[in-house]
Amino acid sequence: MSGQQHEVTFRFLAQPTDVNFGGKVHGGMVMKWIDQAGYACAVGWSGAYCVTVAVSGIQFVKPILIGDVVSVRAKLIHTGTSSMQMAVDVLARDLRSGEERLATSCVMVFVALDRPDGKPTAVPPWTPRDDNERRLQEQARQLLEVSKSMAQFVDTRGAGSD
């Protein structure tokens with residue numbers, strides 16, 4: 001049912017297979033978790049197959065260690081005609097001390113498609129319910145404007161055109 005689920009949280013333990021040689025969860029694994037939670041939230045809102053279009057402003061703030069309880073929270077902050085922006089926070093909690101810290105954050109853009117190899121399809125509009133959600137939506141709009149202005153610098157012709 002579309003237009004209902006605007007927030008998703010995944011929780012799990014950071015595993016030994018998730019870490020790099022320094023003993024910390026590597027950024028690629030964290031980015032995978034972010035994409036999975038963002039996708040689940042986008043599908044939950046749109047009720048359609050979705051694709052990741054952009055990840056902006058990713059910040060690796062604090063490390064995630066083996067045994068930390070990881071929470072990946074994706075929250076819808078803006079909708080366009082077929083696009084959705086999600087604020088994603090990754091939190092890590094030390095089981096021994098109970099201390100929770102922000103590990104990573106970013107904003108993602110997804111587009112809903114009418115089928116996996118199809119065309120963009122409309123998503124239900126999202127309306128902020130409080131001042132905090134209105135602030136997040138305004139920040140999402142500002143980020144969209146920055147992204148649009150940067151699009152002129154992206155070479156879509158492909159690699160090897162040096």
# chains A, B, ... in the order shown; residues from 1 in each chain; ligands from 1
>>> residues_around(residues="Arg96 of chain A", least_positions_apart="5", cutoff="12 Å", atoms="only C-alpha atoms", output="compact mmCIF listing (two decimals) with C-alpha atoms, in the first residue's frame")
# COMPACT_ATOMS: atom_id res chain seq x y z
CA GLY A 67 29.74 -6.17 17.91
CA ASP A 68 28.16 -2.72 17.70
CA VAL A 69 24.40 -2.70 17.26
>>> residues_around(residues="segment 105-115 of chain A", least_positions_apart="4", cutoff="9 Å", atoms="only C-alpha atoms", output="number ranges by chain")
A: 34-35, 38-39, 42-43, 46-61, 82-91, 119-123, 140, 143
>>> closest_residue(among="A:Val8, A:Ala92, A:Val154, A:Ile64", to="Gly27 of chain A", atoms="only C-alpha atoms")
A:Ile64
>>> select_by_dssp(residues="segment 20-145 of chain A", states="strand (DSSP E)", output="ChimeraX atom specification")
/A:49-60,69-79,83-93,100-113
>>> atom_distance(atom1="atom CA of Thr127 of chain A", atom2="atom CA of Ile77 of chain A")
8.8 Å
>>> closest_residue(among="A:Thr81, A:Pro124, A:Ala103, A:Asp18", to="Gly3 of chain A", atoms="only C-alpha atoms")
A:Pro124
>>> select_by_dssp(residues="chain A", states="alpha helix (DSSP H)", output="VMD selection string")
chain A and resid 27 to 46 131 to 150
>>> residues_around(residues="Lys24 of chain A", least_positions_apart="4", cutoff="8 Å", atoms="only C-alpha atoms", output="mmCIF file with N, CA and C atoms, in the first residue's frame")
data_model
loop_
_atom_site.group_PDB
_atom_site.id
_atom_site.type_symbol
_atom_site.label_atom_id
_atom_site.label_comp_id
_atom_site.auth_asym_id
_atom_site.auth_seq_id
_atom_site.Cartn_x
_atom_site.Cartn_y
_atom_site.Cartn_z
ATOM 1 N N ASP A 18 32.333 -7.782 8.189
ATOM 2 C CA ASP A 18 32.034 -6.424 7.731
ATOM 3 C C ASP A 18 33.212 -5.469 7.852
ATOM 4 N N VAL A 19 34.299 -5.904 8.501
ATOM 5 C CA VAL A 19 35.358 -4.958 8.851
ATOM 6 C C VAL A 19 36.555 -5.027 7.915
ATOM 7 N N ASN A 20 37.324 -3.937 7.935
ATOM 8 C CA ASN A 20 38.570 -3.857 7.163
ATOM 9 C C ASN A 20 39.737 -4.306 8.036
ATOM 10 N N PRO A 63 33.600 5.636 13.669
ATOM 11 C CA PRO A 63 33.703 4.258 13.195
ATOM 12 C C PRO A 63 32.639 3.342 13.799
ATOM 13 N N ILE A 64 32.356 2.258 13.082
ATOM 14 C CA ILE A 64 31.497 1.182 13.575
ATOM 15 C C ILE A 64 32.423 0.003 13.838
ATOM 16 N N LEU A 65 32.295 -0.596 15.025
ATOM 17 C CA LEU A 65 33.189 -1.675 15.438
ATOM 18 C C LEU A 65 32.445 -3.007 15.476
ATOM 19 N N ILE A 66 33.196 -4.096 15.406
ATOM 20 C CA ILE A 66 32.603 -5.432 15.532
ATOM 21 C C ILE A 66 31.799 -5.496 16.826
#
>>> atom_distance(atom1="atom CA of Phe10 of chain A", atom2="atom CA of Gln137 of chain A")
22.5 Å
>>> closest_residue(among="A:Ser71, A:Asp117, A:Arg129, A:Arg134", to="Arg93 of chain A", atoms="only C-alpha atoms")
A:Ser71
>>> closest_residue(among="A:Ala74, A:Val146, A:Val30, A:Leu13", to="Lys62 of chain A", atoms="only C-alpha atoms")
A:Val30
>>> decode(residues="segment 27-63 of chain A", atoms="N, CA, C and O atoms", output="PDB file, in the first residue's frame")
ATOM      1  N   GLY A  27      33.731   1.391   4.661  1.00  0.00           N
ATOM      2  CA  GLY A  27      32.748   2.307   4.093  1.00  0.00           C
ATOM      3  C   GLY A  27      31.849   1.673   3.045  1.00  0.00           C
ATOM      4  O   GLY A  27      30.669   2.002   2.957  1.00  0.00           O
ATOM      5  N   GLY A  28      32.385   0.767   2.253  1.00  0.00           N
ATOM      6  CA  GLY A  28      31.574   0.105   1.226  1.00  0.00           C
ATOM      7  C   GLY A  28      30.433  -0.687   1.825  1.00  0.00           C
ATOM      8  O   GLY A  28      29.318  -0.707   1.287  1.00  0.00           O
ATOM      9  N   MET A  29      30.682  -1.338   2.959  1.00  0.00           N
ATOM     10  CA  MET A  29      29.623  -2.095   3.637  1.00  0.00           C
ATOM     11  C   MET A  29      28.557  -1.135   4.170  1.00  0.00           C
ATOM     12  O   MET A  29      27.359  -1.384   4.036  1.00  0.00           O
ATOM     13  N   VAL A  30      29.002  -0.033   4.758  1.00  0.00           N
ATOM     14  CA  VAL A  30      28.059   0.953   5.284  1.00  0.00           C
ATOM     15  C   VAL A  30      27.204   1.513   4.137  1.00  0.00           C
ATOM     16  O   VAL A  30      25.984   1.662   4.268  1.00  0.00           O
ATOM     17  N   MET A  31      27.828   1.780   2.997  1.00  0.00           N
ATOM     18  CA  MET A  31      27.083   2.299   1.848  1.00  0.00           C
ATOM     19  C   MET A  31      26.064   1.271   1.338  1.00  0.00           C
ATOM     20  O   MET A  31      24.961   1.634   0.919  1.00  0.00           O
ATOM     21  N   LYS A  32      26.408  -0.002   1.405  1.00  0.00           N
ATOM     22  CA  LYS A  32      25.457  -1.059   1.023  1.00  0.00           C
ATOM     23  C   LYS A  32      24.246  -1.025   1.953  1.00  0.00           C
ATOM     24  O   LYS A  32      23.103  -1.090   1.504  1.00  0.00           O
ATOM     25  N   TRP A  33      24.489  -0.922   3.272  1.00  0.00           N
ATOM     26  CA  TRP A  33      23.393  -0.868   4.232  1.00  0.00           C
ATOM     27  C   TRP A  33      22.512   0.356   3.990  1.00  0.00           C
ATOM     28  O   TRP A  33      21.285   0.283   4.063  1.00  0.00           O
ATOM     29  N   ILE A  34      23.149   1.489   3.701  1.00  0.00           N
ATOM     30  CA  ILE A  34      22.407   2.717   3.421  1.00  0.00           C
ATOM     31  C   ILE A  34      21.501   2.529   2.212  1.00  0.00           C
ATOM     32  O   ILE A  34      20.322   2.893   2.225  1.00  0.00           O
ATOM     33  N   ASP A  35      22.043   1.934   1.157  1.00  0.00           N
ATOM     34  CA  ASP A  35      21.260   1.713  -0.064  1.00  0.00           C
ATOM     35  C   ASP A  35      20.090   0.768   0.200  1.00  0.00           C
ATOM     36  O   ASP A  35      18.976   0.995  -0.290  1.00  0.00           O
ATOM     37  N   GLN A  36      20.299  -0.271   0.982  1.00  0.00           N
ATOM     38  CA  GLN A  36      19.226  -1.219   1.277  1.00  0.00           C
ATOM     39  C   GLN A  36      18.105  -0.563   2.079  1.00  0.00           C
ATOM     40  O   GLN A  36      16.920  -0.747   1.762  1.00  0.00           O
ATOM     41  N   ALA A  37      18.456   0.199   3.105  1.00  0.00           N
ATOM     42  CA  ALA A  37      17.430   0.854   3.916  1.00  0.00           C
ATOM     43  C   ALA A  37      16.703   1.926   3.111  1.00  0.00           C
ATOM     44  O   ALA A  37      15.470   2.049   3.189  1.00  0.00           O
ATOM     45  N   GLY A  38      17.455   2.712   2.327  1.00  0.00           N
ATOM     46  CA  GLY A  38      16.831   3.724   1.485  1.00  0.00           C
ATOM     47  C   GLY A  38      15.878   3.111   0.484  1.00  0.00           C
ATOM     48  O   GLY A  38      14.761   3.604   0.278  1.00  0.00           O
ATOM     49  N   TYR A  39      16.292   2.003  -0.138  1.00  0.00           N
ATOM     50  CA  TYR A  39      15.436   1.303  -1.103  1.00  0.00           C
ATOM     51  C   TYR A  39      14.152   0.813  -0.433  1.00  0.00           C
ATOM     52  O   TYR A  39      13.062   0.999  -0.968  1.00  0.00           O
ATOM     53  N   ALA A  40      14.278   0.198   0.746  1.00  0.00           N
ATOM     54  CA  ALA A  40      13.097  -0.302   1.457  1.00  0.00           C
ATOM     55  C   ALA A  40      12.124   0.832   1.767  1.00  0.00           C
ATOM     56  O   ALA A  40      10.907   0.680   1.633  1.00  0.00           O
ATOM     57  N   CYS A  41      12.657   1.982   2.149  1.00  0.00           N
ATOM     58  CA  CYS A  41      11.804   3.126   2.452  1.00  0.00           C
ATOM     59  C   CYS A  41      11.137   3.657   1.189  1.00  0.00           C
ATOM     60  O   CYS A  41       9.941   3.958   1.183  1.00  0.00           O
ATOM     61  N   ALA A  42      11.904   3.753   0.096  1.00  0.00           N
ATOM     62  CA  ALA A  42      11.351   4.246  -1.170  1.00  0.00           C
ATOM     63  C   ALA A  42      10.243   3.337  -1.680  1.00  0.00           C
ATOM     64  O   ALA A  42       9.182   3.809  -2.114  1.00  0.00           O
ATOM     65  N   VAL A  43      10.458   2.029  -1.625  1.00  0.00           N
ATOM     66  CA  VAL A  43       9.436   1.075  -2.062  1.00  0.00           C
ATOM     67  C   VAL A  43       8.235   1.132  -1.127  1.00  0.00           C
ATOM     68  O   VAL A  43       7.087   1.083  -1.577  1.00  0.00           O
ATOM     69  N   GLY A  44       8.507   1.261   0.178  1.00  0.00           N
ATOM     70  CA  GLY A  44       7.413   1.354   1.145  1.00  0.00           C
ATOM     71  C   GLY A  44       6.525   2.559   0.911  1.00  0.00           C
ATOM     72  O   GLY A  44       5.310   2.504   1.122  1.00  0.00           O
ATOM     73  N   TRP A  45       7.097   3.663   0.466  1.00  0.00           N
ATOM     74  CA  TRP A  45       6.306   4.859   0.192  1.00  0.00           C
ATOM     75  C   TRP A  45       5.630   4.778  -1.169  1.00  0.00           C
ATOM     76  O   TRP A  45       4.442   5.062  -1.302  1.00  0.00           O
ATOM     77  N   SER A  46       6.388   4.407  -2.183  1.00  0.00           N
ATOM     78  CA  SER A  46       5.868   4.475  -3.554  1.00  0.00           C
ATOM     79  C   SER A  46       5.035   3.264  -3.953  1.00  0.00           C
ATOM     80  O   SER A  46       4.176   3.371  -4.825  1.00  0.00           O
ATOM     81  N   GLY A  47       5.317   2.108  -3.353  1.00  0.00           N
ATOM     82  CA  GLY A  47       4.647   0.885  -3.764  1.00  0.00           C
ATOM     83  C   GLY A  47       5.130   0.395  -5.122  1.00  0.00           C
ATOM     84  O   GLY A  47       4.484  -0.421  -5.767  1.00  0.00           O
ATOM     85  N   ALA A  48       6.279   0.892  -5.571  1.00  0.00           N
ATOM     86  CA  ALA A  48       6.806   0.565  -6.897  1.00  0.00           C
ATOM     87  C   ALA A  48       8.269   0.150  -6.783  1.00  0.00           C
ATOM     88  O   ALA A  48       8.918   0.401  -5.770  1.00  0.00           O
ATOM     89  N   TYR A  49       8.765  -0.464  -7.845  1.00  0.00           N
ATOM     90  CA  TYR A  49      10.197  -0.736  -7.942  1.00  0.00           C
ATOM     91  C   TYR A  49      10.914   0.606  -8.006  1.00  0.00           C
ATOM     92  O   TYR A  49      10.441   1.537  -8.675  1.00  0.00           O
ATOM     93  N   CYS A  50      12.055   0.734  -7.321  1.00  0.00           N
ATOM     94  CA  CYS A  50      12.782   2.004  -7.277  1.00  0.00           C
ATOM     95  C   CYS A  50      14.252   1.794  -7.599  1.00  0.00           C
ATOM     96  O   CYS A  50      14.801   0.724  -7.352  1.00  0.00           O
ATOM     97  N   VAL A  51      14.864   2.833  -8.121  1.00  0.00           N
ATOM     98  CA  VAL A  51      16.298   2.820  -8.389  1.00  0.00           C
ATOM     99  C   VAL A  51      16.949   4.000  -7.681  1.00  0.00           C
ATOM    100  O   VAL A  51      16.354   5.060  -7.532  1.00  0.00           O
ATOM    101  N   THR A  52      18.197   3.771  -7.247  1.00  0.00           N
ATOM    102  CA  THR A  52      18.986   4.831  -6.629  1.00  0.00           C
ATOM    103  C   THR A  52      19.502   5.743  -7.729  1.00  0.00           C
ATOM    104  O   THR A  52      20.081   5.282  -8.702  1.00  0.00           O
ATOM    105  N   VAL A  53      19.276   7.043  -7.576  1.00  0.00           N
ATOM    106  CA  VAL A  53      19.726   8.028  -8.555  1.00  0.00           C
ATOM    107  C   VAL A  53      20.946   8.787  -8.042  1.00  0.00           C
ATOM    108  O   VAL A  53      21.853   9.103  -8.804  1.00  0.00           O
ATOM    109  N   ALA A  54      20.959   9.082  -6.743  1.00  0.00           N
ATOM    110  CA  ALA A  54      22.062   9.872  -6.191  1.00  0.00           C
ATOM    111  C   ALA A  54      22.200   9.622  -4.694  1.00  0.00           C
ATOM    112  O   ALA A  54      21.223   9.302  -4.012  1.00  0.00           O
ATOM    113  N   VAL A  55      23.423   9.774  -4.220  1.00  0.00           N
ATOM    114  CA  VAL A  55      23.730   9.785  -2.792  1.00  0.00           C
ATOM    115  C   VAL A  55      24.556  11.043  -2.574  1.00  0.00           C
ATOM    116  O   VAL A  55      25.605  11.208  -3.182  1.00  0.00           O
ATOM    117  N   SER A  56      24.070  11.916  -1.725  1.00  0.00           N
ATOM    118  CA  SER A  56      24.720  13.216  -1.533  1.00  0.00           C
ATOM    119  C   SER A  56      25.183  13.402  -0.102  1.00  0.00           C
ATOM    120  O   SER A  56      24.515  12.978   0.834  1.00  0.00           O
ATOM    121  N   GLY A  57      26.294  14.086   0.033  1.00  0.00           N
ATOM    122  CA  GLY A  57      26.755  14.541   1.335  1.00  0.00           C
ATOM    123  C   GLY A  57      27.073  13.441   2.325  1.00  0.00           C
ATOM    124  O   GLY A  57      26.939  13.642   3.526  1.00  0.00           O
ATOM    125  N   ILE A  58      27.519  12.286   1.839  1.00  0.00           N
ATOM    126  CA  ILE A  58      27.805  11.205   2.780  1.00  0.00           C
ATOM    127  C   ILE A  58      28.952  11.617   3.698  1.00  0.00           C
ATOM    128  O   ILE A  58      29.965  12.134   3.249  1.00  0.00           O
ATOM    129  N   GLN A  59      28.721  11.433   4.984  1.00  0.00           N
ATOM    130  CA  GLN A  59      29.687  11.816   6.010  1.00  0.00           C
ATOM    131  C   GLN A  59      29.961  10.609   6.889  1.00  0.00           C
ATOM    132  O   GLN A  59      29.033  10.048   7.480  1.00  0.00           O
ATOM    133  N   PHE A  60      31.224  10.180   6.951  1.00  0.00           N
ATOM    134  CA  PHE A  60      31.627   9.127   7.870  1.00  0.00           C
ATOM    135  C   PHE A  60      32.152   9.822   9.122  1.00  0.00           C
ATOM    136  O   PHE A  60      33.263  10.336   9.137  1.00  0.00           O
ATOM    137  N   VAL A  61      31.321   9.862  10.166  1.00  0.00           N
ATOM    138  CA  VAL A  61      31.593  10.663  11.352  1.00  0.00           C
ATOM    139  C   VAL A  61      32.375   9.891  12.414  1.00  0.00           C
ATOM    140  O   VAL A  61      33.354  10.377  12.955  1.00  0.00           O
ATOM    141  N   LYS A  62      31.922   8.688  12.722  1.00  0.00           N
ATOM    142  CA  LYS A  62      32.546   7.843  13.751  1.00  0.00           C
ATOM    143  C   LYS A  62      32.613   6.411  13.220  1.00  0.00           C
ATOM    144  O   LYS A  62      31.755   5.986  12.450  1.00  0.00           O
ATOM    145  N   PRO A  63      33.600   5.636  13.669  1.00  0.00           N
ATOM    146  CA  PRO A  63      33.703   4.258  13.195  1.00  0.00           C
ATOM    147  C   PRO A  63      32.639   3.342  13.799  1.00  0.00           C
ATOM    148  O   PRO A  63      32.120   3.610  14.882  1.00  0.00           O
TER     149      PRO A  63
END
